[in-house]
file work.txt (compact mmCIF, C-alpha atoms)
# COMPACT_ATOMS: atom_id res chain seq x y z
CA MET A 1 5.16 28.21 -3.72
CA SER A 2 3.63 27.37 -0.32
CA ILE A 3 2.61 23.87 0.72
CA ASP A 4 -1.02 24.98 1.04
CA GLU A 5 -1.06 26.27 -2.53
CA ILE A 6 0.59 23.09 -3.81
CA ILE A 7 -1.99 20.93 -2.01
CA LYS A 8 -4.85 22.95 -3.51
CA ARG A 9 -3.47 22.91 -7.05
CA GLU A 10 -2.55 19.22 -6.82
CA SER A 11 -6.12 18.33 -5.86
CA GLN A 12 -7.42 20.15 -8.94
CA ALA A 13 -4.91 18.75 -11.42
CA ILE A 14 -3.93 15.22 -10.34
CA PHE A 15 -5.93 12.04 -9.82
CA GLN A 16 -6.52 11.63 -6.10
CA THR A 17 -5.10 8.12 -5.75
CA TYR A 18 -2.45 8.89 -3.12
CA THR A 19 -2.60 9.70 0.59
CA ARG A 20 0.25 12.20 0.77
CA GLN A 21 2.00 13.55 3.83
CA PRO A 22 1.78 17.37 4.05
CA VAL A 23 5.39 18.17 3.19
CA LEU A 24 6.75 19.72 -0.01
CA ILE A 25 10.18 18.20 -0.63
CA ALA A 26 12.42 20.56 -2.59
CA ARG A 27 15.85 18.89 -2.57
CA GLY A 28 17.79 15.94 -1.19
CA SER A 29 21.32 14.77 -0.46
CA GLY A 30 22.45 11.48 1.05
CA ALA A 31 19.95 10.35 3.68
CA ARG A 32 18.41 13.81 4.11
CA VAL A 33 15.86 15.98 2.33
CA TRP A 34 14.74 19.59 2.74
CA ASP A 35 11.33 21.16 2.27
CA GLN A 36 10.53 24.40 0.45
CA ASP A 37 11.24 26.39 3.62
CA GLY A 38 14.65 24.81 4.11
CA ARG A 39 13.62 22.52 6.97
CA GLU A 40 15.73 19.37 7.12
CA TYR A 41 14.43 15.80 7.49
CA ILE A 42 16.23 12.49 7.92
CA ASP A 43 14.66 10.26 5.26
CA PHE A 44 13.90 6.70 6.42
CA VAL A 45 11.56 6.10 3.48
CA ALA A 46 14.10 6.63 0.66
CA GLY A 47 11.43 6.91 -2.02
CA ILE A 48 10.07 3.55 -0.80
CA ALA A 49 13.41 1.71 -0.86
CA VAL A 50 14.49 3.38 -4.11
CA ASN A 51 17.30 5.73 -3.10
CA ASN A 52 19.74 3.07 -1.90
CA VAL A 53 22.76 5.21 -2.80
CA GLY A 54 21.10 8.27 -1.25
CA HIS A 55 19.51 11.30 -2.81
CA CYS A 56 21.41 12.83 -5.73
CA HIS A 57 24.50 10.68 -5.41
CA PRO A 58 27.27 12.61 -7.23
CA ARG A 59 28.22 9.64 -9.39
CA VAL A 60 24.62 9.14 -10.55
CA VAL A 61 24.10 12.86 -11.12
CA GLU A 62 27.24 13.09 -13.22
CA ALA A 63 26.29 10.04 -15.28
CA ILE A 64 22.85 11.50 -16.01
CA LYS A 65 24.31 14.88 -16.99
CA ARG A 66 26.88 13.28 -19.26
CA GLN A 67 24.35 10.98 -20.95
CA CYS A 68 21.80 13.79 -21.44
CA GLU A 69 24.29 15.64 -23.58
CA VAL A 70 24.77 12.64 -25.88
CA LEU A 71 21.61 10.53 -26.19
CA ILE A 72 18.42 10.27 -24.14
CA HIS A 73 16.09 7.94 -26.05
CA THR A 74 16.07 5.78 -29.18
CA SER A 75 13.53 2.96 -28.46
CA ASN A 76 14.42 -0.72 -28.71
CA LEU A 77 14.41 -0.69 -32.49
CA TYR A 78 18.14 -0.02 -32.24
CA TYR A 79 21.14 -1.15 -30.22
CA THR A 80 22.60 1.00 -27.44
CA GLU A 81 25.82 0.27 -25.56
CA ASN A 82 24.60 1.17 -22.06
CA GLN A 83 21.79 -1.37 -22.24
CA VAL A 84 24.15 -4.21 -23.09
CA ARG A 85 26.64 -3.17 -20.40
CA LEU A 86 23.92 -3.02 -17.77
CA ALA A 87 22.49 -6.40 -18.76
CA GLU A 88 25.96 -7.91 -18.39
CA GLU A 89 26.32 -6.29 -14.95
CA LEU A 90 22.97 -7.69 -13.80
CA LYS A 91 23.86 -11.14 -15.09
CA SER A 92 27.14 -11.06 -13.21
CA LEU A 93 25.59 -9.81 -9.97
CA SER A 94 22.57 -12.11 -9.97
CA GLY A 95 23.78 -15.33 -11.59
CA MET A 96 20.84 -15.17 -14.01
CA ASP A 97 21.25 -15.50 -17.77
CA LYS A 98 19.02 -13.05 -19.65
CA VAL A 99 17.50 -9.62 -18.94
CA PHE A 100 14.34 -7.87 -20.14
CA PHE A 101 14.20 -4.15 -19.35
CA CYS A 102 11.03 -2.26 -18.48
CA ASN A 103 10.08 0.76 -16.39
CA SER A 104 8.74 -0.38 -13.01
CA GLY A 105 8.28 -3.25 -10.60
CA THR A 106 4.76 -4.09 -11.69
CA GLU A 107 5.90 -4.18 -15.33
CA SER A 108 8.66 -6.62 -14.41
CA VAL A 109 6.05 -8.87 -12.78
CA GLU A 110 3.83 -8.64 -15.88
CA ALA A 111 6.79 -9.69 -18.02
CA ALA A 112 7.43 -12.61 -15.66
CA LEU A 113 3.81 -13.75 -15.95
CA LYS A 114 3.93 -13.70 -19.75
CA LEU A 115 7.23 -15.58 -19.84
CA THR A 116 5.81 -18.14 -17.41
CA ARG A 117 2.83 -18.81 -19.68
CA ARG A 118 5.12 -19.15 -22.69
CA ALA A 119 7.43 -21.52 -20.84
CA THR A 120 4.83 -23.79 -19.24
CA GLY A 121 1.61 -23.44 -21.22
CA ARG A 122 -0.13 -23.14 -17.85
CA TYR A 123 -1.80 -20.17 -16.18
CA GLU A 124 -2.44 -21.00 -12.51
CA VAL A 125 -0.18 -19.13 -10.06
CA VAL A 126 0.41 -19.63 -6.36
CA ALA A 127 1.30 -16.59 -4.23
CA ALA A 128 1.60 -15.91 -0.50
CA THR A 129 -0.68 -14.20 1.94
CA GLY A 130 0.66 -10.74 2.66
CA SER A 131 2.15 -10.46 -0.82
CA PHE A 132 2.43 -7.28 -2.87
CA HIS A 133 3.46 -7.60 -6.52
CA GLY A 134 1.98 -4.50 -8.16
CA ARG A 135 -1.20 -2.75 -9.23
CA THR A 136 -1.53 -3.45 -12.95
CA LEU A 137 -4.22 -6.03 -13.69
CA GLY A 138 -1.93 -9.05 -13.98
CA ALA A 139 0.25 -8.22 -10.99
CA LEU A 140 -2.81 -7.16 -9.00
CA GLY A 141 -4.12 -10.70 -9.23
CA LEU A 142 -1.04 -11.82 -7.29
CA THR A 143 -1.34 -9.12 -4.62
CA TYR A 144 -2.95 -10.41 -1.45
CA LYS A 145 -4.79 -7.42 0.02
CA VAL A 146 -8.44 -7.82 -0.91
CA ASN A 147 -9.10 -4.06 -0.82
CA TYR A 148 -6.67 -3.66 -3.73
CA ARG A 149 -8.25 -6.42 -5.83
CA GLU A 150 -11.97 -6.14 -5.09
CA PRO A 151 -12.80 -3.00 -7.15
CA PHE A 152 -11.15 -4.46 -10.26
CA ARG A 153 -12.45 -8.02 -10.38
CA PRO A 154 -12.67 -10.20 -12.38
CA LEU A 155 -8.92 -10.78 -12.40
CA SER A 156 -6.68 -13.72 -13.11
CA GLU A 157 -6.13 -14.31 -9.40
CA ALA A 158 -3.52 -16.42 -7.70
CA THR A 159 -4.16 -19.10 -5.12
CA PHE A 160 -2.92 -17.58 -1.86
CA VAL A 161 -1.27 -19.75 0.78
CA PRO A 162 0.21 -18.78 4.16
CA TYR A 163 3.69 -17.27 3.91
CA ASN A 164 6.50 -19.37 5.37
CA ASP A 165 4.23 -22.44 5.49
CA THR A 166 5.86 -25.22 3.49
CA GLU A 167 3.05 -27.75 3.83
CA SER A 168 0.43 -25.28 2.59
CA LEU A 169 2.62 -24.43 -0.39
CA LYS A 170 3.15 -28.08 -1.22
CA SER A 171 -0.59 -28.75 -1.05
CA ALA A 172 -1.41 -25.83 -3.37
CA VAL A 173 1.10 -26.61 -6.15
CA SER A 174 0.19 -29.19 -8.77
CA ARG A 175 0.94 -30.12 -12.37
CA ARG A 176 -1.46 -27.33 -13.36
CA THR A 177 0.60 -24.66 -11.58
CA ALA A 178 2.49 -22.33 -13.89
CA ALA A 179 4.45 -20.48 -11.21
CA VAL A 180 5.03 -19.83 -7.55
CA ILE A 181 5.84 -16.18 -6.86
CA LEU A 182 7.39 -15.15 -3.54
CA GLU A 183 9.05 -12.13 -2.00
CA PRO A 184 12.15 -13.24 -0.06
CA VAL A 185 11.17 -10.44 2.33
CA GLN A 186 7.60 -9.17 2.29
CA GLY A 187 7.87 -5.37 2.39
CA GLU A 188 4.35 -4.02 2.14
CA ALA A 189 3.14 -6.61 4.65
CA GLY A 190 5.48 -5.15 7.27
CA VAL A 191 8.96 -6.56 6.51
CA TYR A 192 8.65 -10.30 7.05
CA PRO A 193 11.63 -12.40 5.86
CA ALA A 194 11.04 -15.86 4.49
CA SER A 195 12.98 -18.60 6.24
CA ASN A 196 15.81 -20.16 4.26
CA GLU A 197 14.16 -23.55 4.71
CA TYR A 198 10.91 -22.27 3.21
CA LEU A 199 12.60 -20.89 0.10
CA ARG A 200 14.59 -24.08 -0.36
CA ALA A 201 11.40 -26.09 -0.06
CA ALA A 202 9.73 -23.82 -2.63
CA ARG A 203 12.55 -24.62 -5.04
CA GLU A 204 12.05 -28.36 -4.55
CA ILE A 205 8.26 -28.09 -4.87
CA CYS A 206 8.57 -26.22 -8.17
CA ASP A 207 11.14 -28.68 -9.48
CA ASP A 208 8.85 -31.61 -8.66
CA SER A 209 5.79 -30.03 -10.32
CA GLY A 210 7.43 -28.35 -13.31
CA ALA A 211 6.33 -24.93 -12.06
CA ILE A 212 8.42 -21.77 -12.45
CA LEU A 213 9.82 -20.22 -9.25
CA ILE A 214 9.69 -16.41 -9.32
CA PHE A 215 11.40 -14.26 -6.71
CA ASP A 216 10.05 -10.73 -6.52
CA GLU A 217 13.13 -8.71 -5.51
CA VAL A 218 11.70 -5.34 -6.52
CA GLN A 219 12.15 -4.00 -2.98
CA THR A 220 14.92 -6.27 -1.71
CA GLY A 221 17.50 -5.81 -4.46
CA PHE A 222 20.75 -3.87 -4.70
CA GLY A 223 22.02 -4.23 -1.15
CA ARG A 224 18.81 -3.49 0.71
CA THR A 225 18.95 -6.67 2.85
CA GLY A 226 22.71 -6.77 3.34
CA ARG A 227 23.26 -8.82 0.17
CA TRP A 228 23.14 -7.74 -3.46
CA PHE A 229 19.90 -9.72 -3.66
CA ALA A 230 17.89 -11.30 -0.87
CA LYS A 231 18.01 -14.71 -2.56
CA GLU A 232 21.65 -14.94 -1.46
CA HIS A 233 20.62 -15.42 2.17
CA SER A 234 19.09 -18.80 1.29
CA GLY A 235 21.30 -19.76 -1.63
CA VAL A 236 18.20 -20.53 -3.71
CA MET A 237 18.30 -19.72 -7.41
CA PRO A 238 14.87 -18.87 -8.86
CA ASP A 239 13.91 -19.31 -12.49
CA ILE A 240 12.84 -15.65 -12.74
CA MET A 241 13.69 -12.54 -10.74
CA THR A 242 11.83 -9.23 -10.90
CA LEU A 243 13.74 -6.03 -10.11
CA ALA A 244 13.04 -2.29 -9.96
CA LYS A 245 13.11 0.44 -7.26
CA ALA A 246 16.84 0.91 -6.48
CA ILE A 247 18.15 -0.28 -9.84
CA ALA A 248 18.74 3.17 -11.37
CA GLY A 249 19.59 5.45 -8.47
CA GLY A 250 16.16 7.11 -8.43
CA LEU A 251 15.15 7.02 -12.09
CA PRO A 252 12.20 4.79 -13.05
CA MET A 253 13.38 1.40 -14.25
CA GLY A 254 12.54 -2.28 -13.96
CA ALA A 255 14.01 -5.55 -15.15
CA MET A 256 12.90 -9.17 -15.43
CA LEU A 257 15.74 -11.70 -15.32
CA SER A 258 15.54 -15.40 -16.10
CA THR A 259 17.63 -18.50 -16.45
CA GLU A 260 18.75 -19.68 -19.88
CA ASN A 261 16.41 -22.66 -20.03
CA ILE A 262 13.27 -20.51 -20.11
CA SER A 263 14.51 -17.23 -21.61
CA GLY A 264 14.33 -18.73 -25.08
CA CYS A 265 10.58 -19.25 -24.66
CA PHE A 266 10.10 -15.55 -25.40
CA GLN A 267 10.10 -15.11 -29.16
CA ARG A 268 10.50 -11.91 -31.15
CA GLY A 269 7.39 -9.80 -30.72
CA ASP A 270 6.16 -11.61 -27.58
CA HIS A 271 6.88 -8.64 -25.33
CA ALA A 272 8.21 -5.11 -25.68
CA SER A 273 8.73 -1.75 -23.99
CA THR A 274 9.22 1.59 -25.75
CA PHE A 275 11.24 3.12 -22.92
CA GLY A 276 12.65 -0.03 -21.30
CA GLY A 277 16.43 0.03 -20.93
CA GLY A 278 16.90 3.45 -22.53
CA PRO A 279 20.39 4.95 -22.59
CA LEU A 280 19.67 7.53 -19.87
CA VAL A 281 18.29 5.18 -17.21
CA CYS A 282 20.94 2.58 -18.02
CA ALA A 283 23.66 5.18 -17.48
CA ALA A 284 22.14 6.00 -14.09
CA ALA A 285 21.88 2.31 -13.20
CA LEU A 286 25.50 1.62 -14.13
CA ALA A 287 26.59 4.56 -11.97
CA SER A 288 24.43 3.45 -9.06
CA ILE A 289 25.75 -0.11 -9.19
CA SER A 290 29.33 1.14 -9.31
CA ALA A 291 28.66 3.36 -6.27
CA ILE A 292 27.18 0.45 -4.32
CA ARG A 293 30.20 -1.67 -5.18
CA ASP A 294 32.97 0.91 -4.69
CA GLU A 295 31.54 2.29 -1.44
CA ASN A 296 30.86 -1.18 0.01
CA LEU A 297 27.21 -0.31 0.56
CA VAL A 298 26.08 -3.93 0.63
CA ARG A 299 28.28 -4.62 3.64
CA ARG A 300 27.34 -1.24 5.09
CA SER A 301 23.65 -2.19 4.80
CA GLU A 302 24.26 -5.31 6.85
CA GLU A 303 26.30 -3.43 9.48
CA MET A 304 24.02 -0.40 9.76
CA GLY A 305 20.97 -2.66 9.72
CA SER A 306 22.32 -4.64 12.66
CA TYR A 307 23.04 -1.42 14.50
CA LEU A 308 19.56 -0.05 13.77
CA LYS A 309 17.83 -3.21 14.99
CA ARG A 310 19.99 -3.29 18.13
CA GLU A 311 19.18 0.30 19.01
CA LEU A 312 15.48 -0.15 18.28
CA SER A 313 15.39 -3.23 20.52
CA ARG A 314 15.99 -0.90 23.48
CA LEU A 315 12.51 0.54 22.89
CA PRO A 316 9.16 -1.09 23.75
CA VAL A 317 8.77 -2.44 20.19
CA SER A 318 9.10 -5.67 18.21
CA VAL A 319 11.81 -5.54 15.52
CA ARG A 320 12.58 -7.77 12.51
CA GLY A 321 14.21 -7.54 9.12
CA LEU A 322 17.36 -8.00 7.08
CA GLY A 323 19.98 -5.33 6.44
CA LEU A 324 18.41 -1.88 6.17
CA MET A 325 14.93 -3.28 5.60
CA VAL A 326 13.41 -3.19 9.06
CA GLY A 327 9.89 -3.66 10.37
CA VAL A 328 8.87 -2.25 13.74
CA ASP A 329 5.66 -3.24 15.52
CA ILE A 330 4.36 -0.81 18.12
CA LYS A 331 1.40 -0.85 20.50
CA GLY A 332 0.05 2.52 19.39
CA ASP A 333 -1.18 3.91 16.07
CA ALA A 334 1.62 3.82 13.51
CA ARG A 335 0.26 6.70 11.43
CA SER A 336 0.30 8.94 14.49
CA VAL A 337 3.96 8.07 14.99
CA VAL A 338 4.66 8.92 11.33
CA ASP A 339 2.99 12.32 11.78
CA ALA A 340 4.75 13.07 15.05
CA ALA A 341 8.13 12.03 13.65
CA ARG A 342 7.69 14.32 10.65
CA GLU A 343 7.15 17.25 13.02
CA ARG A 344 10.47 16.30 14.62
CA GLY A 345 12.34 16.18 11.30
CA VAL A 346 12.15 12.45 10.53
CA LEU A 347 10.31 10.84 7.58
CA LEU A 348 8.84 7.41 8.30
CA ASN A 349 6.37 5.09 6.59
CA SER A 350 3.65 2.88 8.09
CA THR A 351 2.53 -0.34 6.40
CA GLY A 352 -0.13 -1.30 8.90
CA GLU A 353 -2.09 -0.04 11.87
CA HIS A 354 0.75 -0.86 14.26
CA THR A 355 3.72 -1.30 11.89
CA LEU A 356 6.51 1.02 10.73
CA ARG A 357 8.77 0.16 7.79
CA LEU A 358 12.28 1.65 7.97
CA VAL A 359 14.19 1.60 4.67
CA PRO A 360 16.76 4.43 4.78
CA PRO A 361 19.41 4.98 2.12
CA LEU A 362 22.33 2.60 2.54
CA VAL A 363 24.60 5.62 3.10
CA VAL A 364 22.82 6.44 6.39
CA THR A 365 25.16 7.15 9.31
CA LYS A 366 25.10 5.98 12.93
CA ASP A 367 24.39 9.54 14.03
CA GLU A 368 21.34 9.66 11.75
CA ILE A 369 20.17 6.28 13.03
CA ASP A 370 20.60 7.46 16.62
CA ARG A 371 18.53 10.55 15.91
CA VAL A 372 15.71 8.54 14.34
CA VAL A 373 15.66 5.95 17.13
CA ASN A 374 15.60 8.75 19.73
CA VAL A 375 12.69 10.42 17.96
CA ILE A 376 10.71 7.18 17.85
CA GLY A 377 11.51 6.61 21.51
CA GLU A 378 10.36 10.12 22.45
CA ILE A 379 7.07 9.66 20.61
CA LEU A 380 6.37 6.24 22.10

call {"tool": "encode", "arguments": {"input": "work.txt", "output": "structure tokens"}}
result
Amino acid sequence: MSIDEIIKRESQAIFQTYTRQPVLIARGSGARVWDQDGREYIDFVAGIAVNNVGHCHPRVVEAIKRQCEVLIHTSNLYYTENQVRLAEELKSLSGMDKVFFCNSGTESVEAALKLTRRATGRYEVVAATGSFHGRTLGALGLTYKVNYREPFRPLSEATFVPYNDTESLKSAVSRRTAAVILEPVQGEAGVYPASNEYLRAAREICDDSGAILIFDEVQTGFGRTGRWFAKEHSGVMPDIMTLAKAIAGGLPMGAMLSTENISGCFQRGDHASTFGGGPLVCAAALASISAIRDENLVRRSEEMGSYLKRELSRLPVSVRGLGLMVGVDIKGDARSVVDAARERGVLLNSTGEHTLRLVPPLVVTKDEIDRVVNVIGEIL
């Protein structure tokens, strides 16, 4: 089927809520994808930081095939082994104590909000300017961009304070504050890391006020920043972590993790998910985690990320980020660069008028990085 026919049929059958790039992706492997005509692209979007182990990693594919032949879905009315094994893995990797499984990042944030209300009896939340926490009504109230929130007001909206500004955060948090929610690296805003000092101060501010500290690691988890989780850069332990994106090797999954002292505030029936933590996605997640561990992809993310930033710094751009989560500010129009790069066989993503976000699979090679940097340089 041609791309033109797909575009026409998509417009007639699917809600028009996305601005799609005009490419029909047919298959993928590693850090590359191919369109319906067999044209190859180096993928520096990775499903928006989802495909950390690359497209169709053999270990994930095999785990999915094997699980499909045995059991796909049961609901959470019953026990399944994969769910328990995965929860234990996440506990071990994160240092958190309990896991609630769901299906996406925004669902993990919704679960965090409900647990926060149960644990504190409060409802006021403080978030950061530039934040993105999801598009469901609860998470949307924590998402900074006014254009996202305005059409759906009234919402339960957070108090927004400048990111990386300790004094503003301290002034906004009181004994009425239920939670402070922060991304250790703001992805949708253009890849802005929080300083270690800021995150440590946030921990102290929450401790002093009795507020819950939530780290949204939906985009930063599973090796993306050169650590298993971005919180490790600062050494700060939150009360709640939200996870999704790369957790299951490309299958839709989310998780909300908490410390022991507040996990017990959720009682039976307080929250639920029909599909959350099903045997199929848990099998994929276990395989993905084992691939990240056995192939040293966390260390590779740090090394390849340093190489990528070094090579980009040779261009007339501003570069920042951690691991393979890199923001690039340019003088020209970022969307034009995305379009021109696609014509040259490179998939990029813009998060602002002058900002590119580079989040390739952690299996990306130096040769692939060189090609992408050369393409950006040619365009600029």

call {"tool": "closest_residue", "arguments": {"input": "work.txt", "among": "A:Ala13, A:Val326, A:Leu308, A:Val125", "to": "Val373 in chain A", "atoms": "all atoms listed in the file"}}
result
A:Leu308

call {"tool": "closest_residue", "arguments": {"input": "work.txt", "among": "A:Leu251, A:Ala179, A:Cys56, A:Ala127", "to": "Asn103 in chain A", "atoms": "only C-alpha atoms"}}
result
A:Leu251

call {"tool": "residues_around", "arguments": {"input": "work.txt", "residues": "Gly352 in chain A", "least_positions_apart": "6", "cutoff": "10 Å", "atoms": "only C-alpha atoms", "output": "list in words"}}
result
Glu188, Ala189, Gly190, Asp329, Asp333, Ala334 and Arg335 of chain A

call {"tool": "closest_residue", "arguments": {"input": "work.txt", "among": "A:Val61, A:Ala49, A:Ile330, A:Ala244", "to": "Gly134 in chain A", "atoms": "all atoms listed in the file"}}
result
A:Ala244

call {"tool": "residues_near_point", "arguments": {"input": "work.txt", "point": "(2.6, -20.1, 6.2)", "cutoff": "12 Å", "atoms": "all atoms listed in the file", "output": "PDB file with C-alpha atoms, in the frame of the given file"}}
result
ATOM      1  CA  ALA A 127       1.300 -16.590  -4.230  1.00  0.00           C
ATOM      2  CA  ALA A 128       1.600 -15.910  -0.500  1.00  0.00           C
ATOM      3  CA  THR A 129      -0.680 -14.200   1.940  1.00  0.00           C
ATOM      4  CA  GLY A 130       0.660 -10.740   2.660  1.00  0.00           C
ATOM      5  CA  SER A 131       2.150 -10.460  -0.820  1.00  0.00           C
ATOM      6  CA  PHE A 160      -2.920 -17.580  -1.860  1.00  0.00           C
ATOM      7  CA  VAL A 161      -1.270 -19.750   0.780  1.00  0.00           C
ATOM      8  CA  PRO A 162       0.210 -18.780   4.160  1.00  0.00           C
ATOM      9  CA  TYR A 163       3.690 -17.270   3.910  1.00  0.00           C
ATOM     10  CA  ASN A 164       6.500 -19.370   5.370  1.00  0.00           C
ATOM     11  CA  ASP A 165       4.230 -22.440   5.490  1.00  0.00           C
ATOM     12  CA  THR A 166       5.860 -25.220   3.490  1.00  0.00           C
ATOM     13  CA  GLU A 167       3.050 -27.750   3.830  1.00  0.00           C
ATOM     14  CA  SER A 168       0.430 -25.280   2.590  1.00  0.00           C
ATOM     15  CA  LEU A 169       2.620 -24.430  -0.390  1.00  0.00           C
ATOM     16  CA  LYS A 170       3.150 -28.080  -1.220  1.00  0.00           C
ATOM     17  CA  SER A 171      -0.590 -28.750  -1.050  1.00  0.00           C
ATOM     18  CA  ALA A 172      -1.410 -25.830  -3.370  1.00  0.00           C
ATOM     19  CA  LEU A 182       7.390 -15.150  -3.540  1.00  0.00           C
ATOM     20  CA  TYR A 192       8.650 -10.300   7.050  1.00  0.00           C
ATOM     21  CA  PRO A 193      11.630 -12.400   5.860  1.00  0.00           C
ATOM     22  CA  ALA A 194      11.040 -15.860   4.490  1.00  0.00           C
ATOM     23  CA  SER A 195      12.980 -18.600   6.240  1.00  0.00           C
ATOM     24  CA  TYR A 198      10.910 -22.270   3.210  1.00  0.00           C
ATOM     25  CA  LEU A 199      12.600 -20.890   0.100  1.00  0.00           C
ATOM     26  CA  ALA A 202       9.730 -23.820  -2.630  1.00  0.00           C
TER      27      ALA A 202
END

call {"tool": "closest_residue", "arguments": {"input": "work.txt", "among": "A:Ile3, A:Phe222, A:Arg310, A:Ile14", "to": "Asp37 in chain A", "atoms": "all atoms listed in the file"}}
result
A:Ile3

call {"tool": "residues_near_point", "arguments": {"input": "work.txt", "point": "(21.7, -15.6, -15.0)", "cutoff": "12 Å", "atoms": "only C-alpha atoms", "output": "number ranges by chain"}}
result
A: 87-100, 237-241, 256-263

call {"tool": "residues_around", "arguments": {"input": "work.txt", "residues": "range 203-216 of chain A", "least_positions_apart": "2", "cutoff": "8 Å", "atoms": "all atoms listed in the file", "output": "ChimeraX atom specification"}}
result
/A:109,112,116,120,133,170,173-175,177-184,199-201,218-219,231,236-243

call {"tool": "closest_residue", "arguments": {"input": "work.txt", "among": "A:Leu297, A:Ala26, A:Ala255, A:Leu142", "to": "Val281 in chain A", "atoms": "all atoms listed in the file"}}
result
A:Ala255

call {"tool": "residues_around", "arguments": {"input": "work.txt", "residues": "Ser301 in chain A", "least_positions_apart": "3", "cutoff": "12 Å", "atoms": "all atoms listed in the file", "output": "ChimeraX atom specification"}}
result
/A:52-53,220-229,292-293,295-298,304-309,321-326,359-366

call {"tool": "write_last_selection", "arguments": {"input": "work.txt", "atoms": "C-alpha atoms", "output": "mmCIF file, in the coordinates of the input"}}
result
data_model
loop_
_atom_site.group_PDB
_atom_site.id
_atom_site.type_symbol
_atom_site.label_atom_id
_atom_site.label_comp_id
_atom_site.auth_asym_id
_atom_site.auth_seq_id
_atom_site.Cartn_x
_atom_site.Cartn_y
_atom_site.Cartn_z
ATOM 1 C CA ASN A 52 19.740 3.070 -1.900
ATOM 2 C CA VAL A 53 22.760 5.210 -2.800
ATOM 3 C CA THR A 220 14.920 -6.270 -1.710
ATOM 4 C CA GLY A 221 17.500 -5.810 -4.460
ATOM 5 C CA PHE A 222 20.750 -3.870 -4.700
ATOM 6 C CA GLY A 223 22.020 -4.230 -1.150
ATOM 7 C CA ARG A 224 18.810 -3.490 0.710
ATOM 8 C CA THR A 225 18.950 -6.670 2.850
ATOM 9 C CA GLY A 226 22.710 -6.770 3.340
ATOM 10 C CA ARG A 227 23.260 -8.820 0.170
ATOM 11 C CA TRP A 228 23.140 -7.740 -3.460
ATOM 12 C CA PHE A 229 19.900 -9.720 -3.660
ATOM 13 C CA ILE A 292 27.180 0.450 -4.320
ATOM 14 C CA ARG A 293 30.200 -1.670 -5.180
ATOM 15 C CA GLU A 295 31.540 2.290 -1.440
ATOM 16 C CA ASN A 296 30.860 -1.180 0.010
ATOM 17 C CA LEU A 297 27.210 -0.310 0.560
ATOM 18 C CA VAL A 298 26.080 -3.930 0.630
ATOM 19 C CA MET A 304 24.020 -0.400 9.760
ATOM 20 C CA GLY A 305 20.970 -2.660 9.720
ATOM 21 C CA SER A 306 22.320 -4.640 12.660
ATOM 22 C CA TYR A 307 23.040 -1.420 14.500
ATOM 23 C CA LEU A 308 19.560 -0.050 13.770
ATOM 24 C CA LYS A 309 17.830 -3.210 14.990
ATOM 25 C CA GLY A 321 14.210 -7.540 9.120
ATOM 26 C CA LEU A 322 17.360 -8.000 7.080
ATOM 27 C CA GLY A 323 19.980 -5.330 6.440
ATOM 28 C CA LEU A 324 18.410 -1.880 6.170
ATOM 29 C CA MET A 325 14.930 -3.280 5.600
ATOM 30 C CA VAL A 326 13.410 -3.190 9.060
ATOM 31 C CA VAL A 359 14.190 1.600 4.670
ATOM 32 C CA PRO A 360 16.760 4.430 4.780
ATOM 33 C CA PRO A 361 19.410 4.980 2.120
ATOM 34 C CA LEU A 362 22.330 2.600 2.540
ATOM 35 C CA VAL A 363 24.600 5.620 3.100
ATOM 36 C CA VAL A 364 22.820 6.440 6.390
ATOM 37 C CA THR A 365 25.160 7.150 9.310
ATOM 38 C CA LYS A 366 25.100 5.980 12.930
#

call {"tool": "closest_residue", "arguments": {"input": "work.txt", "among": "A:Leu315, A:Val146, A:Ala287, A:Val50", "to": "Arg66 in chain A", "atoms": "all atoms listed in the file"}}
result
A:Ala287

call {"tool": "atom_distance", "arguments": {"input": "work.txt", "atom1": "CA of Leu113 in chain A", "atom2": "CA of Ala139 in chain A"}}
result
8.2 Å

call {"tool": "atom_distance", "arguments": {"input": "work.txt", "atom1": "CA of Leu280 in chain A", "atom2": "CA of Lys65 in chain A"}}
result
9.2 Å

call {"tool": "decode", "arguments": {"input": "work.txt", "residues": "range 248-264 of chain A", "atoms": "C-alpha atoms", "output": "PDB file, in the first residue's frame"}}
result
ATOM      1  CA  ALA A 248       8.870  -3.521  27.913  1.00  0.00           C
ATOM      2  CA  GLY A 249      11.047  -3.338  24.814  1.00  0.00           C
ATOM      3  CA  GLY A 250       8.366  -1.626  22.717  1.00  0.00           C
ATOM      4  CA  LEU A 251       5.145  -3.059  24.145  1.00  0.00           C
ATOM      5  CA  PRO A 252       2.831  -0.657  26.017  1.00  0.00           C
ATOM      6  CA  MET A 253       3.452  -0.779  29.749  1.00  0.00           C
ATOM      7  CA  GLY A 254       3.748   1.501  32.748  1.00  0.00           C
ATOM      8  CA  ALA A 255       4.566   1.137  36.420  1.00  0.00           C
ATOM      9  CA  MET A 256       4.260   3.237  39.570  1.00  0.00           C
ATOM     10  CA  LEU A 257       6.790   2.394  42.279  1.00  0.00           C
ATOM     11  CA  SER A 258       6.798   3.603  45.869  1.00  0.00           C
ATOM     12  CA  THR A 259       8.592   3.240  49.148  1.00  0.00           C
ATOM     13  CA  GLU A 260       7.233   0.930  51.830  1.00  0.00           C
ATOM     14  CA  ASN A 261       6.039   3.695  54.136  1.00  0.00           C
ATOM     15  CA  ILE A 262       3.385   4.927  51.699  1.00  0.00           C
ATOM     16  CA  SER A 263       2.617   1.822  49.618  1.00  0.00           C
ATOM     17  CA  GLY A 264       0.377   0.513  52.381  1.00  0.00           C
TER      18      GLY A 264
END
